[in-house]
Amino acid sequence: MNDPQRHRPVQGVFWMFVTGLLFVAVTALVKYNGTRIPAAESAFLRYAMGLVFLLPMIRAMWHSRLTRRQHKLFWLRGLAHTGGVSLWFYAMARIPIADVTAMNYLTPIYVTLGAALLLGETLALRRILAVMAALVGALIILRPGFREVGAGHLAMLFAAVFFATSYLVAKLMSDETNPAVVVTMLSVTVTIGLAPLALAHWVTPSAGELAVLFAVAALATAGHYTMSMAFAAAPVTVTQPVSFLQLVWAVLLGAVVFGEGVDPWVVLGGLVIIGAIAFITMREAVLKRKIRTPAVPATKF
């Protein structure tokens with residue numbers, strides 16, 4: 001409460017609003033590229049080209065003195081994130097944007113469970129109820145038995161698990177190392193992890209497809225930067241509700257640009273999951289506990 005740098009709510013809301021638009025633009029470009037390029041290759045090219053934006057962080061990496069344990073944790077995170085982004089690219093090209101966006105909100109719920117199981121956080125009744133509500137939201141979106149649950153939906157269920165694992169490790173490492181090192185190591189390890197998967201089924205991309213994937217890398221990098229500016233300006237309890245607008249943008253984008261129908265069940269399920277996340281975040285703030293669950297945009301690749 002005494003940090004004036006964390007009490008600029010208007011700036012925080014603005015930068016989180018911009019973050020949401022940038023990440024939705026990322027999903028639109030991936031959707032536009034289609035399925036000709038395999039998911040693992042698309043993810044690899046995005047991360048490989050994104051390394052150019054990390055050149056300013058080389059100095060921090062050079063002066064870091066990582067222990068063997070820290071190296072192992074970074075590689076563990078890279079492996080988990082590799083699985084997450086591969087599945088995300090796969091799902092994005094096959095199911096509606098709104099479905100991907102809504103199911104991506106499951107990641108903070110998985111992080112809450114992981115924090116209790118792996119980091120020793122208390123899984124109080126309110127957290128258990130919020131997790132159950134989020135899982136009900138996922139069932140509303142999937143509606144097994146009432147519609148076909150495609151491979152893209154299953155991919156998103158597992159992608160959220162992989163992303164949750166990645167950000168739990170990131171939480172551990174952010175307490176021990178420079179944030180620049182955390183970001184750079186993620187990009188390097190994921191690029192290396194995706195390389196063999198991409199080469200296994202390589203399809204030579206066209207100049208246009210490469211340009212789109214470079215734009216994806218640029219927009220994703222910009223999104224993480226604006227997200228950090230939002231967190232620097234205001235607490236998560238102020239900025240996180242703005243991030244939920246991504247579901248609105250995703251529904252509008254899918255309907256207007258890609259001709260995807262507006263599925264009210266997907267919107268309802270997404271709102272149930274969002275409500276669970278908002279409840280956990282607000283309760284943690286009221287109880288003045290340290291919030292480990294990352295804001296929703298942080299779960300993006």
# chains A, B, ... in the order shown; residues from 1 in each chain; ligands from 1

call {"tool": "residues_around", "arguments": {"residues": "region 71-85 of chain A", "least_positions_apart": "6", "cutoff": "12 Å", "atoms": "only C-alpha atoms", "output": "number ranges by chain"}}
result
A: 30, 39-47, 64-65, 91-92, 104, 107, 155-174, 176-177, 181-198, 299-301

call {"tool": "select_by_dssp", "arguments": {"residues": "region 70-298 of chain A", "states": "alpha helix (DSSP H)", "output": "number ranges by chain"}}
result
A: 70-92, 97-104, 106-118, 125-142, 151-174, 179-200, 207-233, 236-243, 245-256, 264-286

call {"tool": "closest_residue", "arguments": {"among": "A:Val242, A:Ala215, A:Ala232, A:Leu247", "to": "Phe53 (chain A)", "atoms": "only C-alpha atoms"}}
result
A:Ala215

call {"tool": "closest_residue", "arguments": {"among": "A:Phe23, A:Met49, A:Ala250, A:Ala278", "to": "Ala211 (chain A)", "atoms": "only C-alpha atoms"}}
result
A:Met49

call {"tool": "atom_distance", "arguments": {"atom1": "CA of Phe14 (chain A)", "atom2": "CA of Ala217 (chain A)"}}
result
21.9 Å

call {"tool": "decode", "arguments": {"residues": "region 35-142 of chain A", "atoms": "C-alpha atoms", "output": "short mmCIF file (atom, residue, chain, number, x, y, z; two decimals), in the first residue's frame"}}
result
data_model
loop_
_atom_site.label_atom_id
_atom_site.label_comp_id
_atom_site.auth_asym_id
_atom_site.auth_seq_id
_atom_site.Cartn_x
_atom_site.Cartn_y
_atom_site.Cartn_z
CA THR A 35 -3.00 -26.11 -40.92
CA ARG A 36 -0.58 -26.50 -43.85
CA ILE A 37 2.41 -25.95 -41.56
CA PRO A 38 2.47 -28.56 -38.74
CA ALA A 39 1.76 -27.18 -35.27
CA ALA A 40 5.22 -28.02 -33.88
CA GLU A 41 6.94 -26.35 -36.85
CA SER A 42 4.80 -23.21 -36.54
CA ALA A 43 5.63 -22.99 -32.84
CA PHE A 44 9.33 -23.58 -33.54
CA LEU A 45 9.48 -20.83 -36.18
CA ARG A 46 7.66 -18.43 -33.86
CA TYR A 47 10.17 -19.00 -31.05
CA ALA A 48 13.24 -19.12 -33.32
CA MET A 49 12.35 -15.79 -34.92
CA GLY A 50 11.38 -14.38 -31.55
CA LEU A 51 14.95 -14.85 -30.29
CA VAL A 52 15.94 -11.67 -32.15
CA PHE A 53 13.84 -9.68 -29.66
CA LEU A 54 15.87 -11.12 -26.78
CA LEU A 55 19.26 -9.85 -27.92
CA PRO A 56 19.20 -7.00 -25.35
CA MET A 57 19.03 -9.66 -22.61
CA ILE A 58 22.30 -11.35 -23.60
CA ARG A 59 24.26 -9.29 -21.08
CA ALA A 60 22.06 -10.44 -18.20
CA MET A 61 22.43 -14.04 -19.34
CA TRP A 62 26.20 -13.73 -19.63
CA HIS A 63 26.54 -12.52 -16.04
CA SER A 64 24.13 -15.06 -14.56
CA ARG A 65 25.61 -17.83 -12.47
CA LEU A 66 23.08 -20.63 -12.63
CA THR A 67 23.43 -23.69 -10.43
CA ARG A 68 22.92 -27.23 -11.71
CA ARG A 69 19.53 -27.32 -9.97
CA GLN A 70 18.48 -24.09 -11.68
CA HIS A 71 19.56 -25.42 -15.07
CA LYS A 72 17.46 -28.55 -14.50
CA LEU A 73 14.43 -26.48 -13.52
CA PHE A 74 14.81 -24.24 -16.56
CA TRP A 75 14.94 -27.27 -18.83
CA LEU A 76 11.94 -28.78 -17.05
CA ARG A 77 10.02 -25.58 -17.71
CA GLY A 78 11.19 -25.54 -21.32
CA LEU A 79 9.97 -29.11 -21.82
CA ALA A 80 6.56 -28.33 -20.30
CA HIS A 81 6.19 -25.15 -22.32
CA THR A 82 7.21 -26.98 -25.48
CA GLY A 83 4.29 -29.34 -25.02
CA GLY A 84 1.95 -26.46 -24.23
CA VAL A 85 2.74 -24.31 -27.26
CA SER A 86 2.67 -27.30 -29.63
CA LEU A 87 -0.80 -28.25 -28.44
CA TRP A 88 -1.93 -24.60 -28.48
CA PHE A 89 -0.88 -24.14 -32.11
CA TYR A 90 -2.59 -27.43 -32.97
CA ALA A 91 -5.85 -26.39 -31.30
CA MET A 92 -5.80 -22.83 -32.64
CA ALA A 93 -5.84 -24.01 -36.25
CA ARG A 94 -8.71 -26.47 -35.70
CA ILE A 95 -11.32 -25.11 -33.29
CA PRO A 96 -12.98 -21.68 -32.92
CA ILE A 97 -10.94 -18.87 -31.40
CA ALA A 98 -13.52 -18.40 -28.63
CA ASP A 99 -13.15 -22.05 -27.59
CA VAL A 100 -9.36 -21.76 -27.38
CA THR A 101 -9.54 -18.51 -25.42
CA ALA A 102 -12.15 -19.79 -22.96
CA MET A 103 -10.31 -23.06 -22.31
CA ASN A 104 -7.01 -21.23 -21.91
CA TYR A 105 -8.46 -19.70 -18.74
CA LEU A 106 -8.18 -23.14 -17.13
CA THR A 107 -4.43 -22.65 -16.70
CA PRO A 108 -4.63 -20.48 -13.54
CA ILE A 109 -6.97 -23.08 -12.05
CA TYR A 110 -4.42 -25.81 -12.70
CA VAL A 111 -1.75 -23.55 -11.21
CA THR A 112 -3.85 -23.25 -8.05
CA LEU A 113 -4.00 -27.04 -7.77
CA GLY A 114 -0.30 -27.39 -8.51
CA ALA A 115 0.63 -24.75 -5.95
CA ALA A 116 -1.20 -26.77 -3.30
CA LEU A 117 0.26 -30.13 -4.35
CA LEU A 118 3.83 -29.05 -5.15
CA LEU A 119 4.50 -25.73 -3.37
CA GLY A 120 2.73 -26.47 -0.10
CA GLU A 121 0.02 -23.82 -0.42
CA THR A 122 -3.14 -24.44 1.57
CA LEU A 123 -6.04 -25.66 -0.54
CA ALA A 124 -8.83 -24.00 1.45
CA LEU A 125 -12.50 -24.74 0.88
CA ARG A 126 -12.98 -21.58 -1.17
CA ARG A 127 -10.20 -22.68 -3.53
CA ILE A 128 -11.68 -26.17 -3.85
CA LEU A 129 -15.09 -24.68 -4.71
CA ALA A 130 -13.52 -22.32 -7.25
CA VAL A 131 -11.64 -25.20 -8.90
CA MET A 132 -14.83 -27.26 -9.06
CA ALA A 133 -16.69 -24.32 -10.60
CA ALA A 134 -13.98 -23.91 -13.23
CA LEU A 135 -14.15 -27.59 -14.12
CA VAL A 136 -17.93 -27.26 -14.48
CA GLY A 137 -17.24 -24.35 -16.84
CA ALA A 138 -14.97 -26.59 -18.91
CA LEU A 139 -17.72 -29.23 -19.11
CA ILE A 140 -20.17 -26.58 -20.28
CA ILE A 141 -17.78 -25.67 -23.10
CA LEU A 142 -17.06 -29.27 -24.10
#
